[in-house]
>>> print(open('coords39.csv').read())   # CSV, C-alpha atoms
chain,number,residue,atom,x,y,z
A,791,MET,CA,35.0,-15.8,-18.2
A,792,ILE,CA,37.7,-13.5,-16.9
A,793,ASP,CA,36.5,-10.8,-19.3
A,794,ALA,CA,33.0,-11.1,-17.8
A,795,CYS,CA,34.5,-10.5,-14.3
A,796,ALA,CA,36.0,-7.3,-15.6
A,797,LYS,CA,32.9,-6.0,-17.4
A,798,ALA,CA,30.6,-6.7,-14.4
A,799,ARG,CA,29.5,-3.8,-12.2
A,800,PRO,CA,31.0,-4.1,-9.7
A,801,SER,CA,33.9,-6.2,-11.1
A,802,TYR,CA,34.8,-9.5,-9.5
A,803,PRO,CA,38.6,-9.3,-9.1
A,804,GLU,CA,38.9,-12.3,-6.8
A,805,LEU,CA,37.1,-14.5,-9.3
A,806,ALA,CA,39.2,-13.2,-12.1
A,807,LEU,CA,42.4,-14.0,-10.2
A,808,LYS,CA,41.1,-17.5,-9.3
A,809,LEU,CA,40.3,-18.2,-12.9
A,810,LEU,CA,43.8,-17.0,-13.9
A,811,ASP,CA,45.4,-19.3,-11.3
A,812,ASP,CA,43.2,-22.2,-12.5
A,813,MET,CA,44.5,-21.7,-16.0
A,814,LYS,CA,48.1,-21.8,-14.8
A,815,GLN,CA,47.5,-25.0,-12.8
A,816,LYS,CA,45.9,-26.7,-15.8
A,817,GLY,CA,48.8,-25.7,-18.0
A,818,ILE,CA,46.7,-23.4,-20.2
A,819,ALA,CA,48.9,-20.7,-21.7
A,820,LEU,CA,47.9,-17.2,-20.6
A,821,THR,CA,47.4,-14.7,-23.4
A,822,GLU,CA,47.6,-10.9,-23.3
A,823,TYR,CA,43.8,-11.0,-23.4
A,824,SER,CA,43.6,-13.1,-20.2
A,825,TYR,CA,46.0,-10.8,-18.4
A,826,ASN,CA,44.3,-7.6,-19.7
A,827,SER,CA,40.9,-8.8,-18.4
A,828,ALA,CA,42.3,-9.7,-15.0
A,829,ILE,CA,44.1,-6.4,-14.8
A,830,HIS,CA,41.0,-4.5,-15.8
A,831,ALA,CA,38.9,-6.3,-13.1
A,832,CYS,CA,41.5,-5.5,-10.4
A,833,GLY,CA,41.9,-1.9,-11.7
A,834,LYS,CA,38.2,-1.3,-11.4
A,835,ALA,CA,38.2,-2.5,-7.9
A,836,GLY,CA,41.2,-0.3,-7.0
A,837,LEU,CA,43.5,-3.2,-6.2
A,838,ILE,CA,46.7,-1.3,-7.1
A,839,GLU,CA,49.1,-4.0,-5.7
A,840,GLU,CA,47.4,-6.8,-7.7
A,841,VAL,CA,47.5,-4.6,-10.8
A,842,ASP,CA,51.2,-4.0,-10.4
A,843,ARG,CA,51.8,-7.7,-9.7
A,844,LEU,CA,49.9,-8.8,-12.8
A,845,MET,CA,51.7,-6.2,-14.9
A,846,ASN,CA,55.1,-7.6,-13.8
A,847,GLU,CA,54.0,-11.2,-14.2
A,848,MET,CA,52.8,-10.4,-17.7
A,849,LYS,CA,56.1,-8.8,-18.6
A,850,ILE,CA,58.2,-11.7,-17.3
A,851,SER,CA,56.0,-14.2,-19.2
A,852,GLY,CA,56.7,-12.4,-22.4
A,853,CYS,CA,53.1,-11.3,-23.1
A,854,GLU,CA,52.9,-8.1,-25.0
A,855,GLN,CA,51.7,-5.1,-23.0
A,856,ASN,CA,49.8,-2.8,-25.3
A,857,GLU,CA,47.7,0.4,-25.0
A,858,ILE,CA,44.7,-1.7,-23.8
A,859,THR,CA,46.8,-3.2,-21.0
A,860,TYR,CA,47.9,0.1,-19.7
A,861,SER,CA,44.4,1.7,-19.9
A,862,ALA,CA,43.0,-1.3,-18.0
A,863,SER,CA,45.7,-0.9,-15.3
A,864,MET,CA,44.5,2.6,-14.3
A,865,THR,CA,43.0,3.0,-10.8
A,866,LYS,CA,42.1,6.0,-8.8
A,867,GLY,CA,45.0,8.5,-8.7
A,868,THR,CA,47.2,6.6,-11.2
A,869,GLY,CA,46.1,8.1,-14.5
A,870,LYS,CA,49.1,10.5,-15.0
A,871,ARG,CA,51.5,7.8,-13.8
A,872,VAL,CA,50.2,5.2,-16.3
A,873,LEU,CA,50.4,7.7,-19.2
A,874,GLY,CA,54.0,8.3,-18.2
A,875,ASP,CA,54.6,4.6,-18.3
A,876,MET,CA,53.0,4.3,-21.7
A,877,LYS,CA,55.4,7.1,-23.0
A,878,LEU,CA,58.4,5.2,-21.6
A,879,ALA,CA,57.2,2.0,-23.3
A,880,GLY,CA,56.9,3.9,-26.6
A,881,LEU,CA,53.2,3.3,-27.0
A,882,ASN,CA,50.8,5.5,-28.9
A,883,ILE,CA,48.8,7.7,-26.5
A,884,ASP,CA,45.5,8.8,-28.1
A,885,SER,CA,42.5,10.7,-26.9
A,886,GLN,CA,41.0,7.5,-25.5
A,887,ALA,CA,44.0,6.9,-23.3
A,888,TYR,CA,43.8,10.5,-22.1
A,889,GLY,CA,40.1,10.0,-21.4
A,890,ALA,CA,40.8,7.0,-19.3
A,891,ALA,CA,43.5,8.8,-17.4
A,892,ILE,CA,41.3,11.8,-16.7
A,893,LYS,CA,38.6,9.5,-15.3
A,894,HIS,CA,41.1,8.2,-12.8
A,895,GLU,CA,42.6,11.5,-11.5
A,896,ASP,CA,41.5,14.0,-8.9
A,897,SER,CA,40.2,17.5,-9.8
A,898,SER,CA,43.6,19.1,-10.3
A,899,GLY,CA,45.0,16.1,-12.1
A,900,SER,CA,42.1,15.7,-14.5
A,901,ALA,CA,42.2,19.5,-15.3
A,902,GLN,CA,45.9,19.2,-16.0
A,903,LEU,CA,45.4,16.2,-18.4
A,904,LEU,CA,42.5,18.0,-20.2
A,905,LYS,CA,44.8,21.0,-20.8
A,906,GLU,CA,47.7,18.7,-21.9
A,907,SER,CA,45.6,16.7,-24.3
A,908,SER,CA,44.3,19.9,-25.9
A,909,LYS,CA,47.8,21.3,-26.3
A,910,ILE,CA,48.9,18.2,-28.3
A,911,GLY,CA,45.9,18.5,-30.6
A,912,PHE,CA,43.3,16.2,-29.1
A,913,THR,CA,39.8,17.5,-28.6
A,914,PRO,CA,38.6,16.0,-25.4
A,915,THR,CA,35.4,14.0,-25.7
A,916,ILE,CA,32.3,14.8,-23.6
A,917,GLU,CA,33.0,11.7,-21.6
A,918,ALA,CA,36.5,13.1,-20.7
A,919,TYR,CA,35.0,16.4,-19.7
A,920,ASN,CA,32.3,14.7,-17.7
A,921,ALA,CA,34.9,12.6,-15.8
A,922,ALA,CA,36.9,15.8,-15.1
A,923,LEU,CA,33.8,17.6,-14.0
A,924,SER,CA,32.9,14.7,-11.6
A,925,SER,CA,36.4,14.9,-10.1
A,926,ALA,CA,36.0,18.7,-9.6
A,927,ALA,CA,32.7,18.3,-8.0
A,928,LYS,CA,33.9,15.5,-5.6
A,929,GLY,CA,36.8,17.8,-4.7
A,930,GLU,CA,34.4,20.6,-4.0
A,931,ASN,CA,36.1,22.8,-6.6
A,932,LEU,CA,33.2,24.8,-7.9
A,933,ASN,CA,35.4,27.4,-9.7
A,934,LEU,CA,37.2,24.7,-11.6
A,935,ALA,CA,34.0,23.0,-12.6
A,936,LYS,CA,32.5,26.2,-13.9
A,937,ASP,CA,35.7,26.9,-15.9
A,938,MET,CA,35.6,23.4,-17.4
A,939,LEU,CA,31.9,23.9,-18.4
A,940,ARG,CA,33.0,27.2,-20.1
A,941,LYS,CA,35.8,25.4,-21.9
A,942,MET,CA,33.5,22.7,-23.1
A,943,ARG,CA,31.4,25.3,-24.9
A,944,LEU,CA,34.5,26.9,-26.4
A,945,GLU,CA,35.5,23.4,-27.8
A,946,GLY,CA,32.1,23.2,-29.4
A,947,ILE,CA,30.9,20.5,-27.0
A,948,THR,CA,27.4,20.9,-25.6
A,949,PRO,CA,27.1,20.0,-21.9
A,950,ASN,CA,24.6,17.2,-21.2
A,951,LEU,CA,22.7,16.2,-18.1
A,952,LYS,CA,25.7,14.5,-16.6
A,953,SER,CA,27.8,17.7,-17.1
A,954,TYR,CA,25.3,19.9,-15.4
A,955,SER,CA,24.7,17.5,-12.6
A,956,SER,CA,28.4,17.4,-11.7
A,957,VAL,CA,28.5,21.3,-11.5
A,958,LEU,CA,25.3,21.3,-9.5
A,959,LEU,CA,26.8,18.9,-7.0
A,960,ALA,CA,29.8,21.3,-6.7
A,961,CYS,CA,27.2,24.1,-6.0
A,962,SER,CA,25.5,22.0,-3.3
A,963,LYS,CA,28.8,21.5,-1.5
A,964,LYS,CA,29.4,25.2,-1.5
A,965,GLY,CA,25.8,26.3,-1.0
A,966,ASP,CA,26.0,28.6,-4.0
A,967,THR,CA,22.3,29.0,-4.8
A,968,GLU,CA,22.8,31.8,-7.3
A,969,GLU,CA,25.0,29.6,-9.5
A,970,ALA,CA,22.7,26.5,-9.1
A,971,LEU,CA,19.7,28.6,-10.3
A,972,SER,CA,21.7,30.0,-13.2
A,973,LEU,CA,22.7,26.4,-14.3
A,974,TYR,CA,19.1,25.3,-14.0
A,975,GLU,CA,18.0,28.2,-16.2
A,976,GLN,CA,20.7,27.1,-18.8
A,977,MET,CA,19.3,23.6,-18.7
A,978,VAL,CA,15.8,24.8,-19.4
A,979,ARG,CA,17.0,27.0,-22.3
A,980,GLU,CA,18.9,24.1,-23.8
A,981,ASN,CA,16.1,21.5,-23.2
A,982,VAL,CA,18.2,19.4,-20.9
A,983,ALA,CA,15.6,17.9,-18.6
A,984,PRO,CA,16.9,17.6,-15.0
A,985,ASP,CA,16.6,14.2,-13.4
A,986,THR,CA,16.0,13.5,-9.7
A,987,MET,CA,19.7,13.7,-8.9
A,988,ALA,CA,20.1,17.2,-10.5
A,989,MET,CA,17.0,18.5,-8.7
A,990,ASN,CA,18.3,17.0,-5.4
A,991,HIS,CA,21.5,19.0,-5.9
A,992,ILE,CA,19.6,22.2,-6.3
A,993,ILE,CA,17.5,21.5,-3.2
A,994,SER,CA,20.6,20.6,-1.2
A,995,THR,CA,22.3,23.8,-2.3
A,996,SER,CA,19.3,25.8,-1.2
A,997,VAL,CA,19.1,24.0,2.2
A,998,ARG,CA,22.8,24.6,2.8
A,999,ALA,CA,22.3,28.3,2.0
A,1000,LYS,CA,19.2,28.4,4.2
A,1001,LYS,CA,17.0,29.4,1.2
A,1002,THR,CA,13.9,27.5,2.4
A,1003,ASP,CA,11.6,29.0,-0.1
A,1004,ILE,CA,13.7,28.0,-3.1
A,1005,ALA,CA,14.2,24.4,-1.7
A,1006,MET,CA,10.4,24.0,-1.2
A,1007,SER,CA,9.5,25.5,-4.6
A,1008,PHE,CA,11.7,22.8,-6.3
A,1009,PHE,CA,10.4,20.1,-4.1
A,1010,GLU,CA,6.8,21.1,-4.8
A,1011,ALA,CA,7.6,21.2,-8.6
A,1012,MET,CA,9.0,17.7,-8.4
A,1013,LEU,CA,5.8,16.5,-6.7
A,1014,ALA,CA,3.6,18.3,-9.3
A,1015,LYS,CA,5.5,17.7,-12.6
A,1016,GLY,CA,8.4,15.4,-11.8
A,1017,PRO,CA,11.0,14.1,-11.8
A,1018,ALA,CA,9.8,12.0,-8.9
A,1019,PRO,CA,11.5,12.8,-5.5
A,1020,ASN,CA,13.4,9.9,-3.9
A,1021,LYS,CA,14.4,9.1,-0.3
A,1022,HIS,CA,17.3,11.6,-0.4
A,1023,THR,CA,14.9,14.4,-1.5
A,1024,TYR,CA,12.6,13.8,1.4
A,1025,THR,CA,15.4,13.5,3.9
A,1026,VAL,CA,16.9,16.8,2.9
A,1027,ILE,CA,13.6,18.6,2.9
A,1028,MET,CA,12.8,17.1,6.4
A,1029,GLY,CA,16.0,18.8,7.6
A,1030,LEU,CA,14.3,22.2,6.9
A,1031,PHE,CA,11.8,21.4,9.6
A,1032,SER,CA,14.0,20.3,12.5
A,1033,LYS,CA,11.9,22.2,15.0
A,1034,SER,CA,8.5,21.1,13.5
A,1035,PHE,CA,8.0,17.4,14.2
A,1036,GLU,CA,4.4,17.5,12.8
A,1037,LYS,CA,5.7,18.6,9.3
A,1038,VAL,CA,8.5,16.0,9.4
A,1039,ILE,CA,6.1,13.2,10.3
A,1040,GLN,CA,3.8,14.4,7.5
A,1041,LEU,CA,6.6,14.2,5.0
A,1042,LEU,CA,7.6,10.7,6.3
A,1043,ARG,CA,4.1,9.4,5.8
A,1044,HIS,CA,3.9,11.0,2.4
A,1045,MET,CA,7.1,9.1,1.5
A,1046,GLU,CA,5.3,5.8,2.5
A,1047,LYS,CA,2.3,6.8,0.4
A,1048,MET,CA,4.7,7.2,-2.5
A,1049,SER,CA,6.1,3.7,-1.8
A,1050,ILE,CA,9.5,5.1,-0.9
A,1051,ASP,CA,11.1,3.3,2.1
A,1052,ALA,CA,12.7,5.4,4.7
A,1053,ASP,CA,16.1,4.3,5.9
A,1054,GLU,CA,17.9,4.9,9.2
A,1055,ILE,CA,19.1,8.4,8.2
A,1056,THR,CA,15.5,9.5,7.4
A,1057,TYR,CA,14.2,8.1,10.7
A,1058,LYS,CA,17.0,9.8,12.6
A,1059,VAL,CA,16.2,13.2,11.0
A,1060,ALA,CA,12.6,12.6,12.1
A,1061,LEU,CA,13.6,11.6,15.6
A,1062,LYS,CA,15.8,14.7,15.9
A,1063,SER,CA,12.8,16.9,15.1
A,1064,CYS,CA,10.8,15.2,17.9
A,1065,ALA,CA,13.6,15.7,20.3
A,1066,ASN,CA,13.8,19.4,19.5
A,1067,SER,CA,10.1,19.8,20.3
A,1068,TRP,CA,10.2,18.5,23.9
A,1069,ASP,CA,6.5,18.0,24.4
A,1070,PHE,CA,4.2,15.0,25.0
A,1071,ALA,CA,3.0,14.7,21.4
A,1072,ALA,CA,6.6,14.7,20.1
A,1073,ALA,CA,7.6,12.1,22.6
A,1074,LYS,CA,4.7,9.9,21.6
A,1075,ASN,CA,5.6,10.2,17.9
A,1076,ALA,CA,9.2,9.4,18.8
A,1077,LEU,CA,8.2,6.1,20.4
A,1078,VAL,CA,6.2,5.2,17.3
A,1079,LEU,CA,9.2,5.9,15.1
A,1080,LEU,CA,11.5,3.8,17.3
A,1081,LYS,CA,9.1,0.9,17.1
A,1082,GLU,CA,9.0,1.2,13.3
A,1083,MET,CA,12.7,1.2,13.2
A,1084,ARG,CA,13.0,-2.0,15.3
A,1085,ASP,CA,10.2,-3.7,13.3
A,1086,LYS,CA,12.2,-3.0,10.1
A,1087,GLY,CA,15.4,-4.4,11.6
A,1088,MET,CA,17.1,-1.1,11.9
A,1089,GLU,CA,19.7,-0.4,14.6
A,1090,VAL,CA,18.4,1.8,17.4
A,1091,ASP,CA,20.9,3.8,19.4
A,1092,GLN,CA,20.1,3.8,23.1
A,1093,ARG,CA,20.7,7.5,23.2
A,1094,GLU,CA,17.9,8.0,20.8
A,1095,VAL,CA,15.6,6.0,23.2
A,1096,ASP,CA,16.7,8.1,26.2
>>> encode(input="coords39.csv", output="structure tokens")
Amino acid sequence: MIDACAKARPSYPELALKLLDDMKQKGIALTEYSYNSAIHACGKAGLIEEVDRLMNEMKISGCEQNEITYSASMTKGTGKRVLGDMKLAGLNIDSQAYGAAIKHEDSSGSAQLLKESSKIGFTPTIEAYNAALSSAAKGENLNLAKDMLRKMRLEGITPNLKSYSSVLLACSKKGDTEEALSLYEQMVRENVAPDTMAMNHIISTSVRAKKTDIAMSFFEAMLAKGPAPNKHTYTVIMGLFSKSFEKVIQLLRHMEKMSIDADEITYKVALKSCANSWDFAAAKNALVLLKEMRDKGMEVDQREVD
């Protein structure tokens, strides 16, 4: 049962801890497997204090702490620290341990661990590279993400959709349309079919760079050939027409026709376009949108009404 709490997405740390306490109260001996599962559940949820408490409790109880224990204990920002603890404990640190640590570090930490693992003879897996690329993208470090992609190829590892999507996300945060288009062309050459998220990143990059024609060409390609646009796609495209409420309303209704439900963010983008127009037709449409929001149980800011 505790293992199931750890494997679930999201994990259920509170339930895992309760089951552990129930076992104690019933006099059932806790094994390393029980502790590892509870530690994993808490680690996935980022409960560092609970992880540390369970690690100490496990040590006091005499249960063996092995490589699985330490890997399970990793939470965001603790990858390097846990690897250090493993070294002090005299445990074997393999490529899997490095992969787990990379996954739990920021962009600079994951890049450092990738370099370190290569130096000692481990060839990082594609999962390790993808985890590092994801960290680089979230840290808005496009240059680092590009460098990692290059190193992947040098290691003989072919980037997959997840690899490209992370670098495209980094492009979108910087508005680097040239790099995003170059990556898209590489994907086409390598028969890596972009999904909706990857296409959204390219569109977001183009919008940030104010390249309206490029953003619309990718949006129209999605409508014609797929992958199908989602709520985020429409919302970003609506932002291109902040001074043309007619076009925004048209996009909103097209969303509905595609059975895509608009959320508060989408409606607020539409309302902003109406406010920017300042005419009777725009005001009338704004009232319709506000009514739809209320009917759908969405929170309406009084300032939007005014």
>>> closest_residue(input="coords39.csv", among="A:Ser962, A:Asn826, A:Ser956, A:Gln976", to="Lys797 (chain A)", atoms="all atoms listed in the file")
A:Asn826
>>> closest_residue(input="coords39.csv", among="A:Ser863, A:Ser851, A:Ser885, A:Asn856", to="Ser827 (chain A)", atoms="all atoms listed in the file")
A:Ser863
>>> residues_around(input="coords39.csv", residues="region 832-845 of chain A", least_positions_apart="6", cutoff="8 Å", atoms="all atoms listed in the file", output="ChimeraX atom specification")
/A:796,800-803,825,862-866
>>> residues_around(input="coords39.csv", residues="region 807-813 of chain A", least_positions_apart="2", cutoff="8 Å", atoms="all atoms listed in the file", output="ChimeraX atom specification")
/A:791-792,803-805,815-820,824-825,828
>>> residues_around(input="coords39.csv", residues="region 1023-1032 of chain A", least_positions_apart="3", cutoff="6 Å", atoms="all atoms listed in the file", output="list in words")
Asn990, Pro1019, Asn1020, Val1038, Thr1056 and Ser1063 of chain A
>>> atom_distance(input="coords39.csv", atom1="CA of Lys814 (chain A)", atom2="CA of Ile858 (chain A)")
22.3 Å
>>> atom_distance(input="coords39.csv", atom1="CA of His1022 (chain A)", atom2="CA of Met1006 (chain A)")
14.2 Å
>>> atom_distance(input="coords39.csv", atom1="CA of Ser953 (chain A)", atom2="CA of Asn920 (chain A)")
5.4 Å
>>> closest_residue(input="coords39.csv", among="A:Arg1084, A:His1044, A:Arg799, A:Arg998", to="Leu1013 (chain A)", atoms="only C-alpha atoms")
A:His1044
>>> closest_residue(input="coords39.csv", among="A:Phe1009, A:Ile992, A:Thr986, A:Arg940", to="Gly965 (chain A)", atoms="all atoms listed in the file")
A:Ile992
>>> residues_around(input="coords39.csv", residues="Ala926 (chain A)", least_positions_apart="3", cutoff="12 Å", atoms="all atoms listed in the file", output="short mmCIF file (atom, residue, chain, number, x, y, z; two decimals) with C-alpha atoms, in the coordinates of the input")
data_model
loop_
_atom_site.label_atom_id
_atom_site.label_comp_id
_atom_site.auth_asym_id
_atom_site.auth_seq_id
_atom_site.Cartn_x
_atom_site.Cartn_y
_atom_site.Cartn_z
CA ILE A 892 41.30 11.80 -16.70
CA LYS A 893 38.60 9.50 -15.30
CA GLU A 895 42.60 11.50 -11.50
CA ASP A 896 41.50 14.00 -8.90
CA SER A 897 40.20 17.50 -9.80
CA SER A 898 43.60 19.10 -10.30
CA GLY A 899 45.00 16.10 -12.10
CA SER A 900 42.10 15.70 -14.50
CA ALA A 901 42.20 19.50 -15.30
CA GLN A 902 45.90 19.20 -16.00
CA TYR A 919 35.00 16.40 -19.70
CA ASN A 920 32.30 14.70 -17.70
CA ALA A 921 34.90 12.60 -15.80
CA ALA A 922 36.90 15.80 -15.10
CA LEU A 923 33.80 17.60 -14.00
CA GLY A 929 36.80 17.80 -4.70
CA GLU A 930 34.40 20.60 -4.00
CA ASN A 931 36.10 22.80 -6.60
CA LEU A 932 33.20 24.80 -7.90
CA ASN A 933 35.40 27.40 -9.70
CA LEU A 934 37.20 24.70 -11.60
CA ALA A 935 34.00 23.00 -12.60
CA LYS A 936 32.50 26.20 -13.90
CA ASP A 937 35.70 26.90 -15.90
CA MET A 938 35.60 23.40 -17.40
CA LEU A 939 31.90 23.90 -18.40
CA SER A 953 27.80 17.70 -17.10
CA SER A 955 24.70 17.50 -12.60
CA SER A 956 28.40 17.40 -11.70
CA VAL A 957 28.50 21.30 -11.50
CA LEU A 958 25.30 21.30 -9.50
CA LEU A 959 26.80 18.90 -7.00
CA ALA A 960 29.80 21.30 -6.70
CA CYS A 961 27.20 24.10 -6.00
CA LYS A 963 28.80 21.50 -1.50
#
